[in-house]
$ cat run-v3.txt   # compact mmCIF, C-alpha atoms
# COMPACT_ATOMS: atom_id res chain seq x y z
CA MET T 1 -8.28 -11.37 49.08
CA ILE T 2 -5.96 -9.08 47.15
CA THR T 3 -3.51 -7.48 49.55
CA ASP T 4 -0.55 -6.36 47.48
CA ASN T 5 -0.69 -2.57 47.22
CA ASP T 6 0.62 -2.53 43.65
CA ASP T 7 -1.98 -5.07 42.55
CA ILE T 8 -4.74 -3.12 44.29
CA ALA T 9 -3.69 0.15 42.67
CA ARG T 10 -3.38 -1.45 39.23
CA LEU T 11 -6.71 -3.24 39.49
CA ALA T 12 -8.39 -0.06 40.74
CA ASP T 13 -7.09 2.03 37.85
CA GLU T 14 -7.88 -0.59 35.22
CA TYR T 15 -11.35 -1.04 36.73
CA VAL T 16 -12.01 2.69 36.55
CA LEU T 17 -10.65 2.91 33.00
CA GLY T 18 -12.78 -0.05 31.98
CA LEU T 19 -9.84 -2.18 30.90
CA LEU T 20 -10.68 -5.30 32.89
CA GLU T 21 -12.37 -8.32 31.35
CA PRO T 22 -16.03 -8.83 32.38
CA LEU T 23 -15.14 -11.67 34.74
CA GLU T 24 -12.42 -9.56 36.34
CA VAL T 25 -14.95 -6.78 36.85
CA GLU T 26 -17.26 -9.25 38.57
CA ALA T 27 -14.44 -10.42 40.81
CA VAL T 28 -13.37 -6.90 41.71
CA GLU T 29 -16.95 -5.88 42.51
CA ALA T 30 -17.39 -9.00 44.63
CA GLU T 31 -14.16 -8.28 46.49
CA LEU T 32 -15.21 -4.67 47.10
CA GLU T 33 -17.69 -5.94 49.66
CA THR T 34 -14.96 -7.04 52.01
CA ASN T 35 -11.77 -5.34 50.88
CA SER T 36 -11.82 -1.76 52.11
CA ASP T 37 -8.33 -1.09 50.70
CA LEU T 38 -9.58 -1.98 47.22
CA ALA T 39 -12.73 0.14 47.67
CA LYS T 40 -10.61 3.08 48.76
CA ALA T 41 -8.18 2.63 45.86
CA ILE T 42 -11.06 2.58 43.37
CA GLY T 43 -12.58 5.68 44.95
CA GLU T 44 -9.25 7.48 44.72
CA SER T 45 -8.80 6.42 41.12
CA GLN T 46 -12.32 7.58 40.22
CA ASP T 47 -11.55 10.98 41.70
CA ARG T 48 -8.15 11.17 39.97
CA PHE T 49 -9.78 10.75 36.57
CA LEU T 50 -12.97 12.70 37.33
CA PRO T 51 -11.73 15.87 35.57
CA LEU T 52 -11.83 13.92 32.31
CA ASP T 53 -15.53 13.22 32.82
CA LEU T 54 -16.20 16.79 33.81
CA SER T 55 -14.55 17.95 30.58
CA ALA T 56 -17.43 16.58 28.48
CA ALA T 57 -19.70 19.11 26.87
CA SER T 58 -23.10 19.16 28.52
CA GLU T 59 -26.04 17.98 26.42
CA ARG T 60 -29.58 19.13 26.99
CA LEU T 61 -31.85 16.46 28.45
CA ARG T 62 -35.12 16.29 26.62
CA GLU T 63 -38.31 17.13 28.44
CA GLY T 64 -39.83 14.23 30.32
CA PHE T 65 -36.54 12.30 30.52
CA ALA T 66 -36.44 12.39 34.33
CA ASP T 67 -39.99 11.03 34.51
CA GLU T 68 -39.07 8.18 32.18
CA VAL T 69 -36.07 7.39 34.34
CA LYS T 70 -38.18 7.29 37.47
CA GLN T 71 -40.64 4.96 35.78
CA ALA T 72 -37.74 2.65 34.97
CA LEU T 73 -36.64 2.41 38.59
CA GLY T 74 -38.82 -0.66 38.99
CA PRO T 75 -40.50 -2.22 41.97
CA GLU T 76 -37.59 -1.47 44.30
CA GLN T 77 -38.90 2.07 44.39
CA GLU T 78 -42.26 0.93 45.75
CA THR T 79 -40.79 -1.22 48.48
CA ALA T 80 -38.03 1.17 49.38
CA SER T 81 -37.62 2.27 52.93
CA ALA T 82 -34.98 4.15 54.83
CA THR T 83 -33.21 1.00 55.88
CA SER T 84 -34.08 -1.83 53.60
CA LYS T 85 -34.43 -0.66 50.00
CA VAL T 86 -31.10 -2.05 48.96
CA VAL T 87 -29.17 -3.66 51.74
CA PRO T 88 -25.42 -3.20 51.49
CA MET T 89 -23.68 -6.41 50.61
CA THR T 90 -21.73 -6.11 53.81
CA ALA T 91 -24.93 -5.95 55.84
CA SER T 92 -27.87 -8.32 56.10
CA LYS T 93 -28.08 -9.96 52.71
CA LYS T 94 -31.33 -11.74 53.51
CA LYS T 95 -33.30 -8.53 53.29
CA SER T 96 -32.32 -7.70 49.72
CA PRO T 97 -34.62 -9.05 47.02
CA TRP T 98 -31.98 -8.28 44.42
CA LEU T 99 -29.36 -10.22 46.30
CA SER T 100 -31.75 -13.08 46.91
CA LYS T 101 -32.27 -13.37 43.21
CA GLN T 102 -28.80 -12.70 41.91
CA VAL T 103 -26.55 -14.26 44.49
CA LEU T 104 -28.25 -16.17 47.24
CA TRP T 105 -30.61 -18.24 45.14
CA PRO T 106 -27.93 -19.52 42.79
CA ALA T 107 -25.72 -20.29 45.78
CA ILE T 108 -28.48 -22.18 47.58
CA ALA T 109 -29.46 -23.86 44.35
CA ALA T 110 -25.85 -24.88 43.76
CA THR T 111 -25.71 -26.46 47.20
CA ILE T 112 -28.94 -28.38 46.67
CA ILE T 113 -27.96 -29.42 43.18
CA GLY T 114 -24.64 -30.62 44.52
CA ILE T 115 -26.43 -32.88 46.98
CA ILE T 116 -28.71 -34.22 44.26
CA ILE T 117 -25.83 -34.81 41.92
CA GLY T 118 -23.92 -36.59 44.63
CA SER T 119 -26.88 -38.88 45.21
CA TYR T 120 -28.08 -39.61 41.72
CA LEU T 121 -25.37 -38.83 39.20
CA PRO T 122 -25.61 -41.75 36.80
CA PHE T 123 -22.15 -41.30 35.39
CA ASN T 124 -19.04 -42.98 36.63
CA ARG T 125 -17.46 -39.67 37.55
CA PRO T 126 -16.04 -38.30 40.80
CA GLU T 127 -18.22 -35.93 42.79
CA PRO T 128 -17.82 -32.30 41.80
CA VAL T 129 -15.59 -30.14 43.95
CA ILE T 130 -17.67 -27.07 43.25
CA VAL T 131 -21.04 -26.37 41.64
CA ALA T 132 -22.17 -23.09 40.11
CA VAL T 133 -25.59 -22.12 38.79
CA LEU T 134 -25.17 -19.68 35.93
CA VAL T 135 -27.94 -17.11 35.73
CA ASP T 136 -28.69 -14.51 33.08
CA ALA T 137 -29.09 -10.79 33.63
CA ASN T 138 -32.65 -11.37 34.86
CA GLY T 139 -31.56 -13.93 37.43
CA VAL T 140 -32.96 -16.87 35.42
CA ALA T 141 -30.89 -20.05 35.68
CA GLN T 142 -29.34 -21.02 32.34
CA ALA T 143 -26.84 -23.74 33.15
CA ILE T 144 -25.21 -25.70 35.93
CA VAL T 145 -21.47 -26.18 36.05
CA GLU T 146 -19.86 -28.93 38.08
CA ASP T 147 -16.12 -28.56 38.34
CA TYR T 148 -14.31 -31.72 39.36
CA GLY T 149 -11.15 -29.87 40.31
CA ASN T 150 -9.04 -32.11 38.07
CA SER T 151 -9.25 -29.91 34.95
CA GLU T 152 -12.59 -31.50 33.99
CA ALA T 153 -15.90 -29.73 34.35
CA GLN T 154 -19.39 -30.69 33.28
CA ILE T 155 -22.07 -28.29 32.12
CA ARG T 156 -25.80 -28.86 31.71
CA PHE T 157 -28.25 -26.33 30.40
CA VAL T 158 -31.48 -25.82 32.30
CA SER T 159 -33.13 -23.27 29.99
CA ASP T 160 -33.91 -23.24 26.30
CA VAL T 161 -30.72 -21.66 25.10
CA GLU T 162 -30.60 -20.28 21.56
CA VAL T 163 -27.11 -19.95 20.17
CA PRO T 164 -26.94 -17.12 17.61
CA THR T 165 -26.00 -18.17 14.08
CA GLY T 166 -22.27 -18.17 13.58
CA LYS T 167 -21.59 -18.26 17.32
CA THR T 168 -20.44 -20.86 19.77
CA MET T 169 -20.59 -21.01 23.53
CA GLN T 170 -17.46 -20.94 25.66
CA LEU T 171 -17.13 -21.76 29.35
CA TRP T 172 -14.85 -19.62 31.52
CA THR T 173 -13.76 -19.44 35.09
CA LEU T 174 -11.88 -16.84 37.09
CA PRO T 175 -9.41 -18.50 39.46
CA SER T 176 -8.31 -15.06 40.70
CA PRO T 177 -8.35 -11.45 39.50
CA GLU T 178 -4.58 -11.64 38.97
CA THR T 179 -4.93 -14.68 36.69
CA GLY T 180 -7.86 -13.27 34.77
CA PRO T 181 -10.51 -15.36 33.06
CA VAL T 182 -9.43 -18.78 31.86
CA SER T 183 -11.23 -20.80 29.20
CA LEU T 184 -12.42 -24.23 30.31
CA GLY T 185 -13.44 -25.02 26.76
CA VAL T 186 -15.63 -24.33 23.77
CA LEU T 187 -18.98 -26.07 24.12
CA PRO T 188 -20.33 -28.33 21.38
CA GLY T 189 -23.91 -27.11 21.78
CA VAL T 190 -26.72 -27.07 24.29
CA GLN T 191 -26.39 -30.73 25.22
CA PRO T 192 -24.63 -31.72 28.48
CA ALA T 193 -20.89 -31.69 27.95
CA VAL T 194 -17.70 -32.42 29.78
CA VAL T 195 -14.85 -30.03 29.06
CA ASP T 196 -11.21 -30.70 29.77
CA GLY T 197 -9.63 -27.35 30.55
CA PRO T 198 -6.14 -26.37 31.60
CA SER T 199 -4.67 -27.42 34.91
CA LEU T 200 -5.70 -24.82 37.47
CA PRO T 201 -5.47 -24.38 41.23
CA ALA T 202 -8.23 -26.11 43.19
CA PRO T 203 -11.52 -24.20 42.81
CA LYS T 204 -12.30 -21.80 45.62
CA GLN T 205 -15.55 -20.88 47.30
CA GLN T 206 -17.39 -18.25 45.22
CA GLN T 207 -15.16 -18.77 42.20
CA LEU T 208 -16.79 -17.24 39.16
CA TYR T 209 -17.99 -19.29 36.18
CA GLU T 210 -19.42 -17.83 33.01
CA VAL T 211 -20.61 -18.83 29.55
CA THR T 212 -20.26 -16.35 26.69
CA PHE T 213 -21.20 -16.41 23.02
CA GLU T 214 -18.03 -16.28 20.96
CA PRO T 215 -17.09 -16.59 17.28
CA LEU T 216 -16.99 -20.16 15.96
CA GLY T 217 -13.92 -21.88 17.32
CA GLY T 218 -13.87 -19.77 20.45
CA SER T 219 -12.72 -16.35 21.53
CA PRO T 220 -10.03 -14.98 19.22
CA THR T 221 -8.31 -13.22 22.10
CA GLY T 222 -8.27 -16.03 24.64
CA LYS T 223 -10.49 -13.90 26.89
CA PRO T 224 -14.27 -13.49 26.90
CA THR T 225 -15.33 -11.08 24.17
CA GLY T 226 -18.97 -11.82 23.51
CA PRO T 227 -22.32 -11.41 25.26
CA ILE T 228 -22.78 -13.33 28.48
CA LEU T 229 -25.32 -16.17 28.52
CA GLY T 230 -25.03 -16.63 32.26
CA LYS T 231 -22.66 -16.38 35.16
CA GLY T 232 -22.56 -17.56 38.74
CA LEU T 233 -20.47 -18.07 41.83
CA GLY T 234 -19.40 -21.61 42.68
CA VAL T 235 -20.29 -23.30 45.95
CA LEU T 236 -17.80 -25.81 47.33
CA GLN T 237 -19.38 -29.17 47.94
CA GLY T 238 -19.00 -30.90 51.30
CA SER T 239 -17.01 -34.10 51.53
CA MET E 1 -40.12 18.83 47.45
CA THR E 2 -37.91 19.63 50.39
CA GLN E 3 -35.76 22.69 50.56
CA THR E 4 -32.74 20.47 50.13
CA ALA E 5 -34.14 18.69 47.11
CA SER E 6 -34.89 21.94 45.36
CA SER E 7 -31.49 23.43 46.01
CA GLU E 8 -29.51 24.07 42.85
CA THR E 9 -26.28 23.53 44.67
CA CYS E 10 -27.05 20.16 46.21
CA SER E 11 -24.19 17.74 46.13
CA VAL E 12 -24.30 14.38 44.46
CA GLU E 13 -23.47 12.89 47.86
CA GLU E 14 -26.63 14.39 49.25
CA ALA E 15 -28.71 13.17 46.33
CA VAL E 16 -27.34 9.64 46.60
CA GLY E 17 -28.13 9.70 50.30
CA ILE E 18 -31.71 10.67 49.51
CA CYS E 19 -31.94 7.82 46.97
CA ALA E 20 -30.70 5.47 49.69
CA THR E 21 -33.72 6.37 51.80
CA GLY E 22 -36.03 5.33 48.96
CA ASP E 23 -36.89 8.88 47.94
CA ASN E 24 -36.72 9.27 44.17
CA ARG E 25 -36.29 13.01 44.46
CA GLY E 26 -32.63 12.08 44.72
CA ILE E 27 -32.84 11.02 41.08
CA ASP E 28 -34.32 14.40 40.15
CA MET E 29 -31.52 16.14 41.99
CA ILE E 30 -28.81 14.19 40.20
CA LEU E 31 -30.38 14.70 36.79
CA SER E 32 -30.92 18.38 37.52
CA ASP E 33 -27.30 18.96 38.50
CA GLU E 34 -25.40 16.40 36.45
CA GLY E 35 -27.86 15.06 33.87
CA GLY E 36 -26.61 17.22 31.01
CA ARG E 37 -23.01 16.30 31.59
CA LEU E 38 -23.86 12.63 32.15
CA LEU E 39 -25.51 12.69 28.74
CA GLY E 40 -22.48 14.50 27.34
CA VAL E 41 -20.08 11.82 28.63
CA ALA E 42 -22.32 9.11 27.23
CA MET E 43 -22.60 10.90 23.87
CA ARG E 44 -18.81 11.20 23.73
CA MET E 45 -18.44 7.44 24.21
CA LEU E 46 -21.43 6.17 22.23
CA THR E 47 -21.85 8.97 19.66
CA ARG E 48 -25.59 8.20 19.34
CA ARG E 49 -28.19 10.05 21.38
CA ASP E 50 -30.55 7.06 21.69
CA LEU E 51 -27.80 4.88 23.13
CA ALA E 52 -26.52 7.71 25.32
CA GLU E 53 -29.98 8.26 26.81
CA GLU E 54 -30.26 4.53 27.42
CA ALA E 55 -26.91 4.58 29.23
CA VAL E 56 -27.90 7.51 31.43
CA GLN E 57 -31.22 5.88 32.28
CA ASP E 58 -29.52 2.60 33.15
CA THR E 59 -27.02 4.52 35.25
CA MET E 60 -29.75 6.14 37.28
CA VAL E 61 -31.38 2.76 37.85
CA GLN E 62 -28.04 1.45 39.10
CA VAL E 63 -27.60 4.48 41.35
CA TRP E 64 -31.07 3.92 42.73
CA ARG E 65 -30.38 0.27 43.45
CA LYS E 66 -26.88 0.74 44.82
CA ALA E 67 -27.29 4.03 46.64
CA SER E 68 -27.05 2.46 50.08
CA GLN E 69 -23.82 0.72 49.07
CA TYR E 70 -22.06 4.00 48.36
CA ARG E 71 -19.45 4.85 51.00
CA ALA E 72 -18.21 8.42 51.15
CA GLU E 73 -14.92 7.31 52.68
CA SER E 74 -14.14 5.47 49.43
CA GLY E 75 -14.23 8.53 47.17
CA SER E 76 -16.67 11.15 45.96
CA ALA E 77 -20.20 10.29 44.89
CA LYS E 78 -19.59 12.18 41.66
CA GLY E 79 -16.64 9.92 40.81
CA TRP E 80 -18.78 6.88 41.68
CA LEU E 81 -21.63 8.18 39.50
CA TYR E 82 -19.50 8.75 36.40
CA THR E 83 -17.77 5.39 36.78
CA ILE E 84 -21.16 3.67 36.76
CA LEU E 85 -22.07 5.63 33.64
CA ARG E 86 -18.89 4.77 31.76
CA ASN E 87 -19.27 1.10 32.75
CA ARG E 88 -22.76 1.13 31.32
CA CYS E 89 -21.57 2.80 28.11
CA ARG E 90 -18.86 0.17 27.70
CA ASN E 91 -21.37 -2.61 28.29
CA ILE E 92 -23.46 -1.23 25.43
CA LEU E 93 -20.38 -0.94 23.20
CA ARG E 94 -19.37 -4.54 23.92
CA ASP E 95 -22.82 -6.05 23.67
CA GLU E 96 -22.50 -7.49 20.21
CA THR E 97 -26.16 -8.41 19.93
CA ARG E 98 -27.11 -4.88 21.00
CA LEU E 99 -25.05 -3.18 18.32
CA THR E 100 -25.75 -5.63 15.50
CA ALA E 101 -29.43 -4.72 15.91
CA LEU E 102 -28.50 -1.40 14.35
CA PRO E 103 -28.72 -1.04 10.55
CA PRO E 104 -25.25 -1.73 9.09
CA ASP E 105 -24.78 1.80 7.77
CA GLU E 106 -25.67 3.30 11.15
CA LEU E 107 -23.28 0.92 12.90
CA THR E 108 -20.51 1.94 10.50
CA THR E 109 -21.26 5.62 11.08
CA MET E 110 -21.17 5.07 14.82
CA GLN E 111 -17.87 3.21 14.77
CA ASP E 112 -16.34 5.86 12.49
CA ALA E 113 -17.50 8.57 14.86
CA ARG E 114 -15.95 6.73 17.80
CA GLN E 115 -12.61 6.91 16.05
CA GLU E 116 -12.91 10.69 16.12
CA THR E 117 -13.62 10.92 19.85
CA VAL E 118 -9.93 11.11 20.65
CA PRO E 119 -8.05 12.47 17.61
CA LEU E 120 -4.53 11.13 17.41
CA GLU E 121 -2.95 14.56 17.32
CA GLY E 122 -3.61 17.99 18.67
CA TRP E 123 -6.26 16.95 21.13
CA GLU E 124 -6.40 18.20 24.69
CA VAL E 125 -9.33 16.99 26.66
CA LEU E 126 -8.94 19.11 29.75
CA PRO E 127 -9.63 22.82 29.60
CA GLY E 128 -7.61 25.21 31.70
CA THR E 129 -4.94 24.07 34.07
CA THR E 130 -5.36 21.03 36.26
CA LYS E 131 -2.92 18.73 37.95
CA LEU E 132 -4.27 15.83 35.91
CA LYS E 133 -3.64 17.74 32.70
CA ASP E 134 -0.07 18.46 33.74
CA CYS E 135 0.49 14.84 34.68
CA LEU E 136 -1.03 13.54 31.44
CA ALA E 137 1.24 15.94 29.56
CA SER E 138 4.26 14.42 31.29
CA LEU E 139 3.49 10.94 29.92
CA ASP E 140 4.82 9.44 26.73
CA ALA E 141 2.40 10.31 23.92
CA SER E 142 1.60 6.65 23.31
CA GLY E 143 0.71 5.96 26.93
CA ARG E 144 -1.35 9.14 27.20
CA GLU E 145 -3.23 8.25 24.04
CA ALA E 146 -3.99 4.76 25.31
CA ILE E 147 -5.31 6.06 28.62
CA LEU E 148 -7.48 8.70 26.97
CA LEU E 149 -8.86 6.21 24.46
CA ALA E 150 -9.83 3.90 27.31
CA HIS E 151 -11.28 6.47 29.67
CA VAL E 152 -12.85 8.99 27.33
CA ALA E 153 -13.83 6.84 24.35
CA GLY E 154 -14.36 3.51 26.13
CA PHE E 155 -11.87 1.61 23.99
CA SER E 156 -10.77 -1.87 25.10
CA HIS E 157 -7.13 -2.96 25.05
CA GLY E 158 -7.87 -4.68 21.72
CA GLU E 159 -9.45 -1.58 20.20
CA ILE E 160 -6.54 0.57 21.34
CA SER E 161 -4.16 -1.96 19.82
CA ALA E 162 -5.96 -1.73 16.48
CA ARG E 163 -6.24 2.05 16.60
CA LEU E 164 -2.58 2.64 17.43
CA LYS E 165 -1.42 -0.28 15.25
CA VAL E 166 0.71 -1.87 17.96
CA PRO E 167 0.55 -5.35 19.51
CA LEU E 168 -1.87 -5.97 22.36
CA GLY E 169 0.93 -6.71 24.81
CA THR E 170 2.57 -3.41 23.98
CA VAL E 171 -0.66 -1.54 24.71
CA LYS E 172 -1.05 -3.27 28.06
CA SER E 173 2.52 -2.43 28.92
CA TRP E 174 2.08 1.24 27.94
CA VAL E 175 -1.10 1.52 29.96
CA ARG E 176 0.34 -0.06 33.09
CA ARG E 177 3.50 2.02 32.95
CA SER E 178 1.54 5.20 32.36
CA LEU E 179 -0.87 4.48 35.21
CA VAL E 180 2.06 4.00 37.59
CA SER E 181 3.50 7.33 36.42
CA LEU E 182 0.15 9.07 36.83
CA ARG E 183 -0.35 7.76 40.34
CA GLY E 184 3.10 8.99 41.26
CA CYS E 185 2.55 12.39 39.65
CA LEU E 186 -0.85 12.91 41.26
CA SER E 187 0.04 11.63 44.73
$ encode --input "run-v3.txt" --output "structure tokens"
Amino acid sequence: MITDNDDIARLADEYVLGLLEPLEVEAVEAELETNSDLAKAIGESQDRFLPLDLSAASERLREGFADEVKQALGPEQETASATSKVVPMTASKKKSPWLSKQVLWPAIAATIIGIIIGSYLPFNRPEPVIVAVLVDANGVAQAIVEDYGNSEAQIRFVSDVEVPTGKTMQLWTLPSPETGPVSLGVLPGVQPAVVDGPSLPAPKQQQLYEVTFEPLGGSPTGKPTGPILGKGLGVLQGS
Amino acid sequence: MTQTASSETCSVEEAVGICATGDNRGIDMILSDEGGRLLGVAMRMLTRRDLAEEAVQDTMVQVWRKASQYRAESGSAKGWLYTILRNRCRNILRDETRLTALPPDELTTMQDARQETVPLEGWEVLPGTTKLKDCLASLDASGREAILLAHVAGFSHGEISARLKVPLGTVKSWVRRSLVSLRGCLS
């Protein structure tokens, strides 16, 4: 939970200006669910800068555009009702199909996978402290990350991942919005791999993990710059 | 269509509330009132109509899905709406696979056009007199330029650094200092 007023104001402004890294955006949006001070700061920032948006010259929408948009709304439109179309994240999450797919399933899967790993892991390796299932934009699982909390993490791919020519995959985590995304390592390919990242604080419940496609050798900026293969929130494993 | 839905003066708040009930007339209301300007903001950032239309469409899908998460006590629905749009535009700009699908000459044209979105000199984005305009005018030129490039043109810290030919750390410092000044000026 971010509580420092200066940090909240800075994060809110940089979120609204689009200057946060993708993982930081994810963390801020996740924190919005429970941090009303942050939500208020973002709302105030949005309104402070709104005159810049309203300064744009209006463009004429072509005929039929609204109909195309409504066709793109997807099945949520058909199942929508006054109370359960999209359940607020602060309310009953079980009723939201989107949340089930994007958040709850990976979390449940991470818990189950953690149990399986704990039972059958054939390697002589400590049990993971936290497990995250990384899903793509469609909610399809791409990889499983097991973070051992000692700077080592293991990743296994569970989908047929195609790495674009001239690109490499890089694993990231977000210990906190203040820290920003931290590289756990450049991945050698789609085979299971153990990365030895920097020394970080112990992983926390719902810590973000992400794999991006980066230039060969890894991100030139030290932060994620490329398209996201998958991302997911970690689930702490029981002792 | 209800009397409210057909009103030309409906607020975005009202339209988002209608979306939250599962009634897609809220989408019509938003597009009727703000669609042209939404497309204008997206055109300003993306410079291509096809991408701008894609961004507006994606924005409306997000509004539809997130309508019940909007909280009026956390700012205006209009501010929320335009932030979603600019986020979507930036996602398109930073989706390398998305942009490399464009023919190389078109990509070059687009990137050149983006450089013109915020001219380095003699550019004032806000018409008339507003408090924000006054406060932006009170900033150092470098900080003001960095903020406008980020907000209006969707530039990242790295792109601003390249555009203004200063180190990345300097850009971050300018932006943070300017944002503190703006908050103070506008409070």
$ interface_residues --input "run-v3.txt" --of "chain E" --to "chain T" --cutoff "6 Å" --atoms "only C-alpha atoms" --output "list in words"
Thr21, Gly22, Gly36, Arg37, Leu39, Gly40, Val41, Gln57, Val61, Gln69, Ser74, Gly75, Gly79, Asp95, Leu126, Ala150, His151 and Ser156 of chain E
$ closest_residue --input "run-v3.txt" --among "E:Ile92, E:Val175, E:Val16, E:Leu46" --to "E:Ala77" --atoms "only C-alpha atoms"
E:Val16
$ atom_distance --input "run-v3.txt" --atom1 "atom CA of T:Gly230" --atom2 "atom CA of T:Ala137"
7.2 Å
$ atom_distance --input "run-v3.txt" --atom1 "atom CA of E:Ser181" --atom2 "atom CA of E:Lys133"
13.2 Å
$ atom_distance --input "run-v3.txt" --atom1 "atom CA of E:Val56" --atom2 "atom CA of E:Pro127"
23.9 Å
$ closest_residue --input "run-v3.txt" --among "E:Leu102, E:Ser68, E:Ala55, E:Cys185" --to "E:Ser138" --atoms "all atoms listed in the file"
E:Cys185
$ residues_around --input "run-v3.txt" --residues "E:Thr117" --least-positions-apart "2" --cutoff "7 Å" --atoms "all atoms listed in the file" --output "list in words"
Arg44, Ala113, Arg114, Gln115, Pro119 and Ala153 of chain E
$ residues_around --input "run-v3.txt" --residues "E:Leu93" --least-positions-apart "2" --cutoff "9 Å" --atoms "all atoms listed in the file" --output "list in words"
Met45, Leu46, Arg88, Cys89, Arg90, Asn91, Asp95, Glu96, Arg98, Leu99, Gly154 and Phe155 of chain E
$ closest_residue --input "run-v3.txt" --among "E:Ala141, E:Ile160, E:Leu51, E:Val166" --to "E:Met110" --atoms "only C-alpha atoms"
E:Leu51
$ residues_around --input "run-v3.txt" --residues "E:Leu81" --least-positions-apart "2" --cutoff "9 Å" --atoms "all atoms listed in the file" --output "NGL selection string"
:E and (12 or 38 or 59-60 or 63 or 76-79 or 83-86)
$ write_last_selection --input "run-v3.txt" --atoms "C-alpha atoms" --output "CSV table (one decimal), in the coordinates of the input"
chain,number,residue,atom,x,y,z
E,12,VAL,CA,-24.3,14.4,44.5
E,38,LEU,CA,-23.9,12.6,32.2
E,59,THR,CA,-27.0,4.5,35.2
E,60,MET,CA,-29.8,6.1,37.3
E,63,VAL,CA,-27.6,4.5,41.4
E,76,SER,CA,-16.7,11.2,46.0
E,77,ALA,CA,-20.2,10.3,44.9
E,78,LYS,CA,-19.6,12.2,41.7
E,79,GLY,CA,-16.6,9.9,40.8
E,83,THR,CA,-17.8,5.4,36.8
E,84,ILE,CA,-21.2,3.7,36.8
E,85,LEU,CA,-22.1,5.6,33.6
E,86,ARG,CA,-18.9,4.8,31.8
$ closest_residue --input "run-v3.txt" --among "T:Val28, T:Leu236, T:Ile144, T:Val190" --to "T:Lys204" --atoms "all atoms listed in the file"
T:Leu236
